[in-house]
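Data from start04.cif: mmCIF, C-alpha atoms and all ligand atoms
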```cif
data_query
#
loop_
_atom_site.label_atom_id
_atom_site.label_comp_id
_atom_site.auth_asym_id
_atom_site.auth_seq_id
_atom_site.Cartn_x
_atom_site.Cartn_y
_atom_site.Cartn_z
CA MET A 298 -20.95 -2.58 19.22
CA GLU A 299 -21.95 -5.54 21.27
CA PRO A 300 -24.21 -8.02 19.44
CA GLN A 301 -27.64 -8.24 21.00
CA PRO A 302 -29.01 -11.62 22.10
CA PRO A 303 -31.23 -13.25 19.45
CA PRO A 304 -34.97 -12.67 19.75
CA ALA A 305 -36.39 -15.81 21.32
CA MET A 306 -39.38 -17.44 19.73
CA PRO A 307 -42.40 -16.90 21.99
CA ALA A 308 -42.40 -19.63 24.62
CA ASP A 309 -46.00 -20.57 23.93
CA ILE A 310 -45.76 -20.82 20.13
CA ASP A 311 -47.02 -24.10 18.75
CA LEU A 312 -45.03 -24.72 15.59
CA GLY A 313 -47.37 -27.50 14.57
CA LYS A 314 -50.06 -24.89 14.06
CA LEU A 315 -48.07 -22.36 12.05
CA GLN A 316 -49.94 -21.08 9.01
CA ALA A 317 -48.40 -20.09 5.69
CA MET A 318 -49.79 -16.64 4.89
CA ARG A 319 -48.11 -15.87 1.60
CA VAL A 320 -44.95 -16.22 -0.46
CA LEU A 321 -42.31 -13.66 0.44
CA GLY A 322 -39.80 -14.53 -2.20
CA LYS A 323 -38.44 -17.18 -4.46
CA GLY A 324 -34.77 -17.77 -5.08
CA ALA A 325 -32.65 -20.29 -6.91
CA MET A 326 -32.70 -22.51 -3.89
CA GLY A 327 -36.03 -22.23 -2.19
CA THR A 328 -39.29 -20.47 -1.52
CA VAL A 329 -39.66 -18.14 1.42
CA PHE A 330 -43.09 -18.02 3.09
CA LEU A 331 -44.51 -15.63 5.62
CA VAL A 332 -45.86 -17.83 8.40
CA SER A 333 -47.78 -17.00 11.53
CA ASP A 334 -48.80 -18.69 14.71
CA PRO A 335 -52.61 -18.38 15.07
CA ALA A 336 -52.21 -18.40 18.85
CA THR A 337 -50.11 -15.22 18.67
CA PRO A 338 -51.04 -13.58 15.36
CA SER A 339 -48.60 -10.73 15.90
CA SER A 340 -45.66 -13.12 15.60
CA LEU A 341 -44.71 -13.46 11.97
CA PHE A 342 -41.76 -15.46 10.73
CA ALA A 343 -40.09 -16.06 7.40
CA LEU A 344 -39.90 -19.76 6.57
CA LYS A 345 -37.51 -20.76 3.81
CA VAL A 346 -38.48 -24.08 2.27
CA VAL A 347 -36.22 -26.05 -0.04
CA ASP A 348 -37.78 -28.84 -2.06
CA LYS A 349 -34.99 -31.38 -2.18
CA SER A 350 -36.54 -33.39 -5.00
CA SER A 351 -36.87 -30.60 -7.56
CA TYR A 352 -33.71 -28.66 -7.02
CA ALA A 353 -31.23 -31.17 -5.70
CA THR A 354 -29.59 -31.96 -8.98
CA LYS A 355 -29.57 -28.55 -10.54
CA TYR A 356 -28.55 -26.40 -7.61
CA ASP A 357 -27.22 -28.89 -5.12
CA ALA A 358 -29.84 -27.26 -2.95
CA ASP A 359 -29.71 -29.75 -0.10
CA ARG A 360 -26.01 -29.17 0.53
CA ARG A 361 -26.31 -25.41 0.14
CA ALA A 362 -29.37 -25.30 2.37
CA ARG A 363 -27.63 -27.28 5.11
CA TRP A 364 -24.68 -24.97 4.87
CA GLU A 365 -26.96 -21.93 5.19
CA ILE A 366 -28.64 -23.43 8.26
CA ALA A 367 -25.26 -24.17 9.80
CA VAL A 368 -24.18 -20.55 9.28
CA LEU A 369 -27.46 -19.11 10.56
CA SER A 370 -27.24 -21.22 13.69
CA ARG A 371 -24.05 -19.34 14.63
CA LEU A 372 -25.30 -15.79 14.06
CA HIS A 373 -26.19 -13.51 16.94
CA HIS A 374 -26.16 -9.92 15.78
CA PRO A 375 -28.79 -7.16 15.40
CA PHE A 376 -28.18 -6.86 11.65
CA LEU A 377 -28.06 -10.59 10.91
CA PRO A 378 -30.88 -13.14 11.00
CA THR A 379 -31.37 -15.55 13.85
CA LEU A 380 -32.24 -19.16 13.19
CA LEU A 381 -35.47 -19.90 15.02
CA ALA A 382 -36.35 -23.41 13.93
CA THR A 383 -35.51 -26.07 11.38
CA ALA A 384 -37.28 -29.00 9.72
CA ASP A 385 -35.89 -31.85 7.71
CA THR A 386 -38.22 -34.30 6.00
CA ALA A 387 -37.65 -36.72 3.14
CA ASP A 388 -38.65 -34.05 0.59
CA LEU A 389 -38.21 -30.71 2.26
CA LEU A 390 -35.71 -28.78 4.25
CA ALA A 391 -37.05 -25.66 5.98
CA TRP A 392 -35.97 -23.07 8.48
CA ALA A 393 -37.54 -20.09 10.16
CA VAL A 394 -35.95 -16.69 10.70
CA PRO A 395 -37.45 -13.37 11.87
CA TYR A 396 -39.63 -11.68 9.25
CA CYS A 397 -38.31 -8.45 7.69
CA PRO A 398 -41.39 -6.54 6.47
CA GLY A 399 -39.57 -3.66 4.77
CA GLY A 400 -38.54 -5.43 1.56
CA ASP A 401 -35.00 -5.09 0.28
CA LEU A 402 -32.61 -2.23 -0.39
CA ASN A 403 -32.90 -2.59 -4.17
CA VAL A 404 -36.64 -1.97 -4.10
CA LEU A 405 -36.22 0.86 -1.63
CA ARG A 406 -33.66 2.56 -3.85
CA HIS A 407 -35.95 2.35 -6.86
CA ARG A 408 -38.58 4.18 -4.86
CA GLN A 409 -36.31 7.17 -4.25
CA THR A 410 -36.22 10.27 -6.37
CA ASP A 411 -33.60 9.67 -9.09
CA ARG A 412 -33.29 6.14 -7.65
CA VAL A 413 -30.42 7.10 -5.40
CA PHE A 414 -30.01 7.56 -1.66
CA SER A 415 -28.73 10.72 -0.05
CA PRO A 416 -25.22 10.58 1.49
CA SER A 417 -26.65 10.58 5.04
CA VAL A 418 -28.92 7.64 4.26
CA ILE A 419 -26.01 5.84 2.58
CA ARG A 420 -23.92 6.48 5.69
CA PHE A 421 -26.54 4.96 7.96
CA TYR A 422 -27.01 1.83 5.86
CA ALA A 423 -23.28 1.51 5.12
CA ALA A 424 -22.52 1.60 8.84
CA GLU A 425 -25.01 -1.19 9.59
CA ILE A 426 -23.74 -3.36 6.73
CA LEU A 427 -20.17 -2.80 7.88
CA CYS A 428 -21.12 -3.99 11.38
CA ALA A 429 -22.80 -7.11 9.98
CA LEU A 430 -19.83 -7.95 7.75
CA HIS A 431 -17.42 -7.35 10.62
CA HIS A 432 -19.33 -9.83 12.73
CA LEU A 433 -19.25 -12.45 9.95
CA HIS A 434 -15.53 -11.90 9.30
CA GLN A 435 -14.76 -12.20 12.99
CA MET A 436 -16.36 -15.61 12.82
CA GLY A 437 -14.16 -16.44 9.84
CA ILE A 438 -17.11 -16.28 7.43
CA VAL A 439 -16.78 -14.50 4.09
CA TYR A 440 -20.26 -13.54 2.86
CA ARG A 441 -19.60 -13.43 -0.93
CA ASP A 442 -23.10 -12.32 -1.90
CA LEU A 443 -23.40 -8.70 -0.83
CA LYS A 444 -25.90 -6.84 -3.02
CA PRO A 445 -28.98 -4.72 -2.34
CA GLU A 446 -31.39 -7.63 -2.93
CA ASN A 447 -29.84 -9.49 -0.01
CA ILE A 448 -30.19 -6.60 2.39
CA LEU A 449 -33.61 -6.65 4.02
CA ILE A 450 -35.27 -4.02 6.16
CA GLN A 451 -36.55 -5.05 9.56
CA GLN A 452 -39.74 -3.67 11.11
CA SER A 453 -37.53 -1.32 13.12
CA GLY A 454 -36.05 0.11 9.89
CA HIS A 455 -32.65 -1.38 10.67
CA LEU A 456 -31.06 -3.71 8.15
CA CYS A 457 -30.65 -7.46 8.09
CA LEU A 458 -28.47 -9.44 5.65
CA THR A 459 -30.01 -12.56 4.19
CA ASP A 460 -29.00 -15.49 1.98
CA PHE A 461 -25.87 -17.23 3.25
CA ASP A 462 -25.68 -20.17 0.87
CA LEU A 463 -22.71 -18.67 -1.01
CA SER A 464 -20.82 -17.82 2.18
CA ARG A 465 -17.70 -19.77 3.10
CA GLN A 466 -15.69 -20.46 6.19
CA LEU A 467 -12.13 -19.23 5.72
CA SER A 468 -9.10 -20.55 7.40
CA ARG A 469 -7.83 -17.29 8.91
CA ARG A 470 -4.22 -18.39 8.59
CA THR A 471 -4.15 -19.09 4.90
CA GLY A 472 -7.26 -17.29 3.79
CA THR A 473 -8.23 -20.23 1.62
CA ALA A 474 -11.86 -21.17 1.29
CA ALA A 475 -12.83 -24.36 3.01
CA THR A 476 -16.30 -25.76 3.41
CA PRO A 477 -16.47 -27.89 6.51
CA ALA A 478 -19.27 -30.41 6.65
CA PRO A 479 -22.26 -28.38 7.81
CA VAL A 480 -23.64 -29.43 11.16
CA LEU A 481 -27.39 -29.24 11.14
CA GLU A 482 -28.12 -30.65 14.55
CA ALA A 483 -25.28 -29.23 16.58
CA SER A 484 -25.37 -26.22 18.88
CA ARG A 485 -29.01 -25.29 18.53
CA PRO A 486 -30.02 -22.47 20.81
CA ARG A 487 -32.51 -23.41 23.50
CA HIS A 488 -35.42 -21.65 21.84
CA ARG A 489 -35.04 -23.41 18.52
CA ARG A 490 -37.73 -25.94 17.75
CA ASN A 491 -38.03 -28.68 15.24
CA LEU A 492 -40.42 -27.85 12.45
CA THR A 493 -40.86 -31.37 11.18
CA ARG A 494 -44.28 -31.37 12.81
CA ILE A 495 -45.33 -28.36 10.76
CA MET A 496 -44.67 -30.17 7.55
CA PHE A 497 -46.65 -33.18 8.58
CA ALA A 498 -49.36 -31.12 10.29
CA LEU A 499 -49.76 -29.02 7.18
CA SER A 500 -49.92 -31.98 4.88
CA ASP A 501 -52.47 -33.65 7.21
CA ALA A 502 -54.51 -30.47 7.33
CA GLY A 503 -54.88 -30.14 3.59
CA GLY A 504 -51.28 -29.26 2.75
CA ASP A 505 -51.57 -25.50 3.03
CA LEU A 506 -47.84 -24.84 2.79
CA LEU A 507 -47.18 -27.73 0.44
CA LEU A 508 -50.00 -26.57 -1.80
CA GLN A 509 -48.53 -23.09 -1.94
CA LEU A 510 -45.12 -24.52 -2.65
CA LYS A 511 -46.56 -26.44 -5.58
CA LYS A 512 -48.33 -23.36 -6.88
CA VAL A 513 -45.17 -21.28 -6.71
CA LYS A 514 -43.18 -23.97 -8.46
CA SER A 515 -45.69 -24.17 -11.28
CA ALA A 516 -45.41 -20.42 -11.72
CA ARG A 517 -41.84 -20.96 -12.92
CA VAL A 518 -40.54 -17.82 -11.26
CA SER A 519 -36.90 -17.85 -12.19
CA PRO A 520 -34.18 -16.74 -9.82
CA VAL A 521 -33.42 -13.91 -12.15
CA SER A 522 -36.96 -12.66 -12.69
CA ARG A 523 -37.58 -12.60 -8.96
CA ARG A 524 -34.74 -10.16 -8.76
CA LYS A 525 -36.56 -7.78 -11.07
CA PRO A 526 -38.97 -5.39 -9.44
CA SER A 527 -41.95 -4.73 -11.67
CA PHE A 528 -40.88 -1.13 -12.07
CA SER A 529 -37.33 -1.82 -13.09
CA THR A 530 -35.57 -3.13 -16.13
CA VAL A 531 -32.54 -4.11 -14.14
CA GLU A 532 -31.72 -7.77 -14.05
CA ARG A 533 -28.79 -9.41 -12.46
CA SER A 534 -27.31 -12.77 -13.14
CA ASN A 535 -26.22 -14.94 -10.30
CA SER A 536 -23.38 -17.36 -10.77
CA PHE A 537 -21.50 -19.71 -8.53
CA VAL A 538 -19.19 -16.89 -7.55
CA GLY A 539 -21.97 -14.43 -6.74
CA THR A 540 -23.73 -11.73 -8.69
CA GLU A 541 -21.64 -10.70 -11.68
CA GLU A 542 -21.71 -6.95 -11.17
CA TYR A 543 -20.53 -7.46 -7.59
CA VAL A 544 -17.79 -10.00 -8.24
CA ALA A 545 -14.27 -8.93 -7.25
CA PRO A 546 -11.39 -8.97 -9.78
CA GLU A 547 -9.52 -11.68 -7.88
CA VAL A 548 -12.58 -13.94 -8.12
CA VAL A 549 -12.86 -13.28 -11.87
CA ARG A 550 -9.18 -14.18 -12.17
CA GLY A 551 -9.73 -17.30 -10.06
CA ASP A 552 -7.15 -16.14 -7.53
CA GLY A 553 -9.11 -16.80 -4.36
CA HIS A 554 -11.91 -15.81 -2.07
CA GLU A 555 -10.43 -13.76 0.74
CA PHE A 556 -12.42 -11.48 3.06
CA ALA A 557 -11.48 -8.61 0.75
CA VAL A 558 -14.09 -9.79 -1.79
CA ASP A 559 -16.72 -8.50 0.63
CA TRP A 560 -15.02 -5.11 0.82
CA TRP A 561 -15.02 -4.94 -2.98
CA ALA A 562 -18.74 -5.73 -3.03
CA PHE A 563 -19.24 -3.14 -0.29
CA GLY A 564 -17.65 -0.57 -2.63
CA ILE A 565 -19.96 -1.61 -5.50
CA LEU A 566 -22.95 -1.36 -3.18
CA LEU A 567 -22.02 2.16 -2.05
CA TYR A 568 -21.51 3.16 -5.69
CA GLU A 569 -24.93 1.80 -6.65
CA MET A 570 -26.62 3.54 -3.72
CA MET A 571 -24.95 6.80 -4.78
CA TYR A 572 -25.32 6.68 -8.58
CA GLY A 573 -28.24 4.30 -9.08
CA ARG A 574 -26.15 1.89 -11.14
CA THR A 575 -23.17 -0.37 -10.66
CA PRO A 576 -19.81 0.75 -12.09
CA PHE A 577 -18.77 -2.23 -14.24
CA ARG A 578 -21.97 -3.58 -15.76
CA GLY A 579 -21.49 -4.65 -19.37
CA SER A 580 -23.91 -5.96 -21.96
CA ASN A 581 -22.99 -9.53 -21.08
CA ARG A 582 -21.03 -11.48 -18.49
CA LYS A 583 -17.81 -11.39 -20.50
CA GLU A 584 -17.91 -7.63 -20.86
CA THR A 585 -18.84 -7.13 -17.20
CA PHE A 586 -15.91 -9.26 -16.09
CA ARG A 587 -13.57 -7.45 -18.49
CA ASN A 588 -14.70 -4.12 -17.03
CA VAL A 589 -14.20 -5.47 -13.50
CA LEU A 590 -10.63 -6.38 -14.39
CA THR A 591 -9.61 -3.37 -16.44
CA LYS A 592 -11.93 -0.37 -16.09
CA SER A 593 -11.66 2.34 -13.47
CA PRO A 594 -14.96 3.39 -11.90
CA GLU A 595 -16.29 6.73 -13.14
CA PHE A 596 -17.11 9.32 -10.51
CA LEU A 597 -19.27 12.29 -11.38
CA GLY A 598 -19.56 15.43 -9.31
CA LYS A 599 -17.21 16.95 -6.85
CA ARG A 600 -14.80 14.87 -4.82
CA THR A 601 -16.36 13.80 -1.52
CA ALA A 602 -15.43 11.51 1.36
CA LEU A 603 -17.90 8.95 0.02
CA ILE A 604 -16.22 8.94 -3.39
CA ASP A 605 -12.84 8.52 -1.74
CA LEU A 606 -14.14 5.59 0.31
CA ILE A 607 -15.65 3.89 -2.76
CA GLU A 608 -12.44 4.37 -4.72
CA ARG A 609 -10.37 2.79 -1.96
CA LEU A 610 -12.76 -0.15 -1.72
CA LEU A 611 -12.76 -0.64 -5.50
CA GLU A 612 -9.00 -1.15 -5.55
CA LYS A 613 -8.39 -4.00 -7.97
CA ASP A 614 -5.43 -5.41 -6.07
CA PRO A 615 -7.03 -6.97 -2.95
CA GLU A 616 -3.91 -6.43 -0.90
CA LYS A 617 -4.12 -2.68 -1.48
CA ARG A 618 -7.87 -2.55 -0.89
CA LEU A 619 -9.16 -0.74 2.17
CA GLY A 620 -10.05 -3.36 4.77
CA TYR A 621 -7.54 -5.93 3.57
CA GLY A 622 -5.13 -5.47 6.44
CA PHE A 623 -7.35 -4.77 9.42
CA GLY A 624 -10.88 -5.45 8.22
CA ALA A 625 -13.92 -3.39 9.20
CA PRO A 626 -12.13 -1.31 11.89
CA GLU A 627 -9.90 0.10 9.13
CA ILE A 628 -12.95 1.10 7.07
CA ARG A 629 -14.70 2.55 10.14
CA GLU A 630 -11.79 4.98 10.47
CA HIS A 631 -12.45 6.48 7.04
CA GLU A 632 -13.44 10.14 6.90
CA PHE A 633 -16.89 9.25 5.50
CA PHE A 634 -17.82 7.81 8.90
CA ARG A 635 -16.23 10.56 10.96
CA GLY A 636 -18.31 11.47 14.01
CA LEU A 637 -20.50 8.40 13.75
CA ARG A 638 -21.37 6.92 17.13
CA TRP A 639 -20.99 3.23 16.34
CA ASP A 640 -22.03 2.22 19.82
CA LEU A 641 -25.40 3.97 19.37
CA LEU A 642 -26.24 2.61 15.92
CA THR A 643 -28.78 0.11 17.18
CA GLU A 644 -30.34 2.81 19.36
CA VAL A 645 -31.42 4.91 16.37
CA SER A 646 -35.16 4.70 16.76
CA ARG A 647 -36.11 6.49 13.56
CA PRO A 648 -33.98 5.02 10.74
CA PRO A 649 -34.40 6.46 7.23
CA PHE A 650 -37.34 4.28 6.15
CA LEU A 651 -39.95 2.28 7.97
CA ALA A 652 -42.15 -0.51 6.64
CA PRO A 653 -45.87 0.12 6.96
CA PRO A 654 -47.42 -1.92 9.76
CA GLU A 655 -48.46 -5.35 8.53
CA GLY A 656 -52.16 -4.60 9.13
CA GLU A 657 -52.11 -1.63 6.75
CA ARG A 658 -50.98 -3.73 3.82
CA GLU A 659 -53.19 -6.01 1.87
CA LEU A 660 -51.73 -8.57 -0.45
CA THR A 661 -53.72 -10.51 -2.96
CA GLU A 662 -52.15 -13.36 -4.82
CA LYS A 663 -53.62 -14.14 -8.19
CA VAL A 664 -52.72 -16.64 -10.87
CA THR A 665 -52.11 -14.88 -14.18
CA ALA A 666 -53.38 -16.00 -17.58
CA LYS A 667 -50.00 -17.55 -18.31
CA GLY A 668 -50.14 -19.59 -15.15
CA GLY A 669 -47.71 -17.43 -13.18
CA VAL A 670 -48.29 -16.09 -9.72
CA CYS A 671 -48.78 -12.36 -9.44
CA VAL A 672 -49.06 -10.52 -6.18
CA LEU A 673 -51.07 -7.34 -5.99
CA GLU A 674 -50.18 -5.15 -3.11
CA TYR A 675 -52.47 -2.48 -1.70
CA PHE A 676 -51.39 0.15 0.77
CA GLN A 677 -54.13 2.15 2.49
CA GLY A 678 -56.63 1.00 -0.12
CA LYS A 679 -54.50 1.95 -3.18
CA LYS A 680 -52.83 -0.56 -5.45
CA CYS A 681 -49.12 0.07 -5.17
CA ALA A 682 -47.38 -2.93 -6.63
CA SER A 683 -47.96 -5.87 -8.88
CA VAL A 684 -45.09 -8.24 -8.65
CA PRO A 685 -44.52 -11.61 -10.27
CA GLY A 686 -44.36 -14.09 -7.44
CA SER A 687 -42.72 -11.86 -4.87
CA PRO A 688 -44.74 -9.73 -2.51
CA SER A 689 -41.57 -8.76 -0.73
CA ARG A 690 -41.33 -5.99 -3.31
CA SER A 691 -43.37 -4.02 -0.89
CA THR A 692 -44.12 -0.39 -0.50
CA LEU A 693 -42.05 1.27 2.12
CA ARG A 694 -43.09 4.26 4.06
CA SER A 695 -40.30 6.54 3.18
CA GLN A 696 -39.15 9.30 5.46
CA PRO A 697 -37.35 11.56 3.03
CA SER A 698 -36.84 14.25 5.62
CA VAL A 699 -34.43 12.03 7.47
CA CYS A 700 -31.45 14.27 6.90
CA GLY A 701 -33.23 17.24 8.38
CA ARG A 702 -34.46 15.18 11.31
CA GLU A 703 -31.10 13.59 11.83
CA GLU A 704 -29.57 17.01 12.16
CA GLU A 705 -32.45 18.12 14.38
CA GLU A 706 -31.94 15.17 16.67
CA GLY A 707 -28.18 15.12 16.46
CA LEU A 708 -28.28 11.70 14.88
CA THR A 709 -25.52 12.47 12.46
CA GLU A 710 -23.38 12.09 15.53
CA PHE A 711 -24.81 8.70 16.53
N1 LIG B 1 -36.58 -12.87 6.72
C1 LIG B 1 -37.20 -12.49 5.61
N2 LIG B 1 -38.19 -11.58 5.66
C2 LIG B 1 -38.80 -11.17 4.52
N3 LIG B 1 -38.50 -11.62 3.29
C3 LIG B 1 -37.53 -12.54 3.18
C4 LIG B 1 -36.82 -13.02 4.31
N4 LIG B 1 -35.90 -13.91 3.91
C5 LIG B 1 -36.01 -13.97 2.57
N5 LIG B 1 -36.98 -13.15 2.12
C6 LIG B 1 -37.40 -12.94 0.74
O1 LIG B 1 -37.23 -14.12 0.01
C7 LIG B 1 -36.33 -13.91 -1.09
C8 LIG B 1 -35.52 -15.18 -1.32
O2 LIG B 1 -34.74 -15.45 -0.18
P1 LIG B 1 -33.25 -15.92 -0.32
O3 LIG B 1 -32.46 -14.87 -1.04
O4 LIG B 1 -32.77 -16.34 1.02
O5 LIG B 1 -33.47 -17.20 -1.27
P2 LIG B 1 -32.44 -17.96 -2.15
O6 LIG B 1 -33.16 -19.10 -2.77
O7 LIG B 1 -31.22 -18.32 -1.34
O8 LIG B 1 -32.02 -16.90 -3.21
P3 LIG B 1 -30.76 -16.94 -4.19
O9 LIG B 1 -31.33 -17.23 -5.53
O10 LIG B 1 -30.18 -15.54 -4.13
O11 LIG B 1 -29.80 -17.97 -3.69
C9 LIG B 1 -35.49 -12.71 -0.67
O12 LIG B 1 -34.97 -12.02 -1.77
C10 LIG B 1 -36.51 -11.89 0.08
O13 LIG B 1 -37.28 -11.15 -0.84
#
```
Here is the file; what I need is its structure written in the form of C-alpha cells.
Ligand SMILES: Nc1ncnc2c1ncn2[C@@H]1O[C@H](COP(=O)(O)OP(=O)(O)OP(=O)(O)O)[C@@H](O)[C@H]1O
Amino acid sequence: MEPQPPPAMPADIDLGKLQAMRVLGKGAMGTVFLVSDPATPSSLFALKVVDKSSYATKYDADRRARWEIAVLSRLHHPFLPTLLATADTADLLAWAVPYCPGGDLNVLRHRQTDRVFSPSVIRFYAAEILCALHHLHQMGIVYRDLKPENILIQQSGHLCLTDFDLSRQLSRRTGTAATPAPVLEASRPRHRRNLTRIMFALSDAGGDLLLQLKKVKSARVSPVSRRKPSFSTVERSNSFVGTEEYVAPEVVRGDGHEFAVDWWAFGILLYEMMYGRTPFRGSNRKETFRNVLTKSPEFLGKRTALIDLIERLLEKDPEKRLGYGFGAPEIREHEFFRGLRWDLLTEVSRPPFLAPPEGERELTEKVTAKGGVCVLEYFQGKKCASVPGSPSRSTLRSQPSVCGREEEEGLTEF
C-alpha cells in the first residue's frame, strides 16, 4: 500500500490563537492536550507538552522528546501520526499531531463482550498495525513499544500508532541499536509551523495551557495509573525496554533489539486481542520475565490460522520467528490474512468501531477531594466514564455487527 501524503494543517490556522480544550492523556514523559483553533473550530489537534524542568532528571524527557519529534518528522503513512508543529521554549517542548478521537485499543477491547475481539476485527486491526510496522521498519526504525494503549483510533475508525520515544534507529547491516543525535529543526515539511508563539501567547493570555499543565501535574497522575481504565484492574509496568508483558525474550536476556522484537510484541498483541489477557504475565516483573523466557503460550479452543500465526510470532528464538527473515511481507503471506486486499485497506469506509462525533460527547473535568483530576464523560446525556486524568478513555460507538456487514459488503476480501 502506498503511504498517503500527510494531512496538511489548514493554511489559515493561527497557531498563536490555539486553545487548550482538555487533557487527552498523561504519560511518563508529557501531557497531551486537545487543542483547537477558534478560527476553524472543527480542526482539533493533539498537543504533547513536555515540561523540561520537572521531568528532565527522572525521565531524561528532553532527550526522549527530541527523539520522538525527530521520528515523527519522518513519518508519512495513514496509520502513523504526522508531525504538524513544534515548539521549544526554555521550559517546555511541545508538538502537535492529528487528534485521534476514538481512544485506544485497550479501552475498546474492555468494552467488548468478554473483553475480546472477534477474529475478523482482529484481522482488520492486525493488518493495519502490520502496515504501520512495515513502514517503520523500512525506515530502519524499530518501534519497541507495541501494546494496545499505544494504538489509537482515528475519527475514520482506522488505527494510528502513537508514542515513539522508545523507538530506535537500527543499522540495517548489523541490526544493532544506535541513537543518532535527533534533529529537531531539519527537514520540516512545508506545513509545519513553530508553536513557540502559542506558549508565549497562552502565558500572556492568562496561561490557559500552562495553567492546565500545572493542574495536571499537581494531580500526580502516574504513568501507570493513566494506563488503567476505570473499569479495569489491569495495570502494566513500563520499563526502559518497554512494557514488561510485551518484552521479547532476547531483550530480557540483553541480547539485542532487532526488528524481531516488534514481531514478538505483535504476537502478544494478537494473543491479548483474542483471549483478553497477555500470555506471560506473572505476579511481578521477575516472574513475567521468567515466563517470557521459559513458558509456552497456552492456546484454548480449536486450532485456527490465528493461533498458528500467534505461535509463530511468539517463537522465543528471534531468528526462527516469523518476520525475522523478510519482515512484514513474510507475515502478510500467512494463512490468517489470506484473501485480504492490502491495497484497499485504507479504503474501508466502515471499520469495526467509530468514535462518536466530537459534538456528541461532553467532558467535564473536576478536581477530586484528594486533589486529583477526574474526567467525567457523557455520551448523549448519559454519564459513561469517570477516568482519573485521562478523558481519552472515551466511549466508542461500537459496531458489533461488523462481521455480518463485512461479509455483506465483501470486505473480508478487502
Ligand atoms: N493524537 C492523539 N489523539 C488522542 N489522544 C492522544 C494522542 N496522542 C496521545 N494521546 C493520549 O495521550 C496519552 C499519552 O500519550 P503518549 O503515550 O504519547 O505519552 P507518553 O508520555 O510518551 O507516554 P509513555 O508513558 O507511554 O511514554 C496516550 O495514551 C493517549 O491516551
task = Please identify every polymer residue within 9 Å of ligand LIG 1 (chain B), using all atoms listed in the file, and present the set as an MDAnalysis selection string.
result = chainID A and resid 320:331 342:347 358 361:362 365 378 393:401 442 446:451 457:463 519:521 523:524 535 539:540 687:690
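Going from CA of Val413 (chain A) over to CA of Leu427 (chain A), you cover 19.5 Å.
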ask   = CA of Leu467 (chain A) and CA of Ala429 (chain A), how far apart in Å?
value =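 Interatomic distance here is 16.7 Å.
Compared by their closest atoms to Leu606 (chain A), and using all atoms listed in the file, the residues A:Lys592, A:Lys444, A:Arg420, A:Arg406 rank with A:Arg420 nearest.
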task = Around the point (-22.3, 4.7, 12.2), in the coordinates given by the file, pick out the residues reaching within 9 Å, counting all atoms listed in the file, and return them as a PyMOL selection string.
result = chain A and resi 420-425+427-428+629+634-642+709-711
For the residues selected in the previous step, produce a file with C-alpha atoms as a compact mmCIF listing (two decimals), in the coordinates of the input.
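Final output, out38.txt:
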```
# COMPACT_ATOMS: atom_id res chain seq x y z
CA ARG A 420 -23.92 6.48 5.69
CA PHE A 421 -26.54 4.96 7.96
CA TYR A 422 -27.01 1.83 5.86
CA ALA A 423 -23.28 1.51 5.12
CA ALA A 424 -22.52 1.60 8.84
CA GLU A 425 -25.01 -1.19 9.59
CA LEU A 427 -20.17 -2.80 7.88
CA CYS A 428 -21.12 -3.99 11.38
CA ARG A 629 -14.70 2.55 10.14
CA PHE A 634 -17.82 7.81 8.90
CA ARG A 635 -16.23 10.56 10.96
CA GLY A 636 -18.31 11.47 14.01
CA LEU A 637 -20.50 8.40 13.75
CA ARG A 638 -21.37 6.92 17.13
CA TRP A 639 -20.99 3.23 16.34
CA ASP A 640 -22.03 2.22 19.82
CA LEU A 641 -25.40 3.97 19.37
CA LEU A 642 -26.24 2.61 15.92
CA THR A 709 -25.52 12.47 12.46
CA GLU A 710 -23.38 12.09 15.53
CA PHE A 711 -24.81 8.70 16.53
```
inquiry  = Given the point (-32.3, 12.9, -3.9) in the file's coordinates, find the residues that have an atom at most 12 Å from it, counting all atoms listed in the file, and give them as a list of chain:residue names.
reply    =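 Answer for this query, in the requested form: A:Arg406, A:His407, A:Arg408, A:Gln409, A:Thr410, A:Asp411, A:Arg412, A:Val413, A:Phe414, A:Ser415, A:Pro416, A:Ser417, A:Val418, A:Ile419, A:Met570, A:Met571, A:Tyr572, A:Gly573, A:Pro697, A:Ser698, A:Val699, A:Cys700.
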message = If I take CA of Arg647 (chain A) and CA of Arg600 (chain A), how far is one from the other in Å, to one decimal?
response =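 Value for the CA of Arg647 (chain A)-CA of Arg600 (chain A) distance: 29.4 Å.
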Applying 9 Å and all atoms listed in the file, which residues near region 549-562 of chain A remain after dropping the ones on its own chain fewer than 3 positions away? List them as a compact mmCIF listing (two decimals) with C-alpha atoms, in the frame of the given file.
```
# COMPACT_ATOMS: atom_id res chain seq x y z
CA LEU A 430 -19.83 -7.95 7.75
CA HIS A 434 -15.53 -11.90 9.30
CA GLY A 437 -14.16 -16.44 9.84
CA ILE A 438 -17.11 -16.28 7.43
CA VAL A 439 -16.78 -14.50 4.09
CA TYR A 440 -20.26 -13.54 2.86
CA ARG A 441 -19.60 -13.43 -0.93
CA ASP A 442 -23.10 -12.32 -1.90
CA LEU A 443 -23.40 -8.70 -0.83
CA LYS A 444 -25.90 -6.84 -3.02
CA ARG A 465 -17.70 -19.77 3.10
CA LEU A 467 -12.13 -19.23 5.72
CA GLY A 472 -7.26 -17.29 3.79
CA THR A 473 -8.23 -20.23 1.62
CA ALA A 474 -11.86 -21.17 1.29
CA VAL A 538 -19.19 -16.89 -7.55
CA GLU A 542 -21.71 -6.95 -11.17
CA TYR A 543 -20.53 -7.46 -7.59
CA VAL A 544 -17.79 -10.00 -8.24
CA ALA A 545 -14.27 -8.93 -7.25
CA PRO A 546 -11.39 -8.97 -9.78
CA ILE A 565 -19.96 -1.61 -5.50
CA LEU A 566 -22.95 -1.36 -3.18
CA LEU A 567 -22.02 2.16 -2.05
CA PHE A 586 -15.91 -9.26 -16.09
CA ARG A 587 -13.57 -7.45 -18.49
CA VAL A 589 -14.20 -5.47 -13.50
CA LEU A 590 -10.63 -6.38 -14.39
CA ILE A 607 -15.65 3.89 -2.76
CA LEU A 610 -12.76 -0.15 -1.72
CA LEU A 611 -12.76 -0.64 -5.50
CA GLU A 612 -9.00 -1.15 -5.55
CA LYS A 613 -8.39 -4.00 -7.97
CA PRO A 615 -7.03 -6.97 -2.95
CA GLU A 616 -3.91 -6.43 -0.90
CA ARG A 618 -7.87 -2.55 -0.89
CA LEU A 619 -9.16 -0.74 2.17
CA GLY A 620 -10.05 -3.36 4.77
CA TYR A 621 -7.54 -5.93 3.57
CA GLY A 624 -10.88 -5.45 8.22
CA ALA A 625 -13.92 -3.39 9.20
```
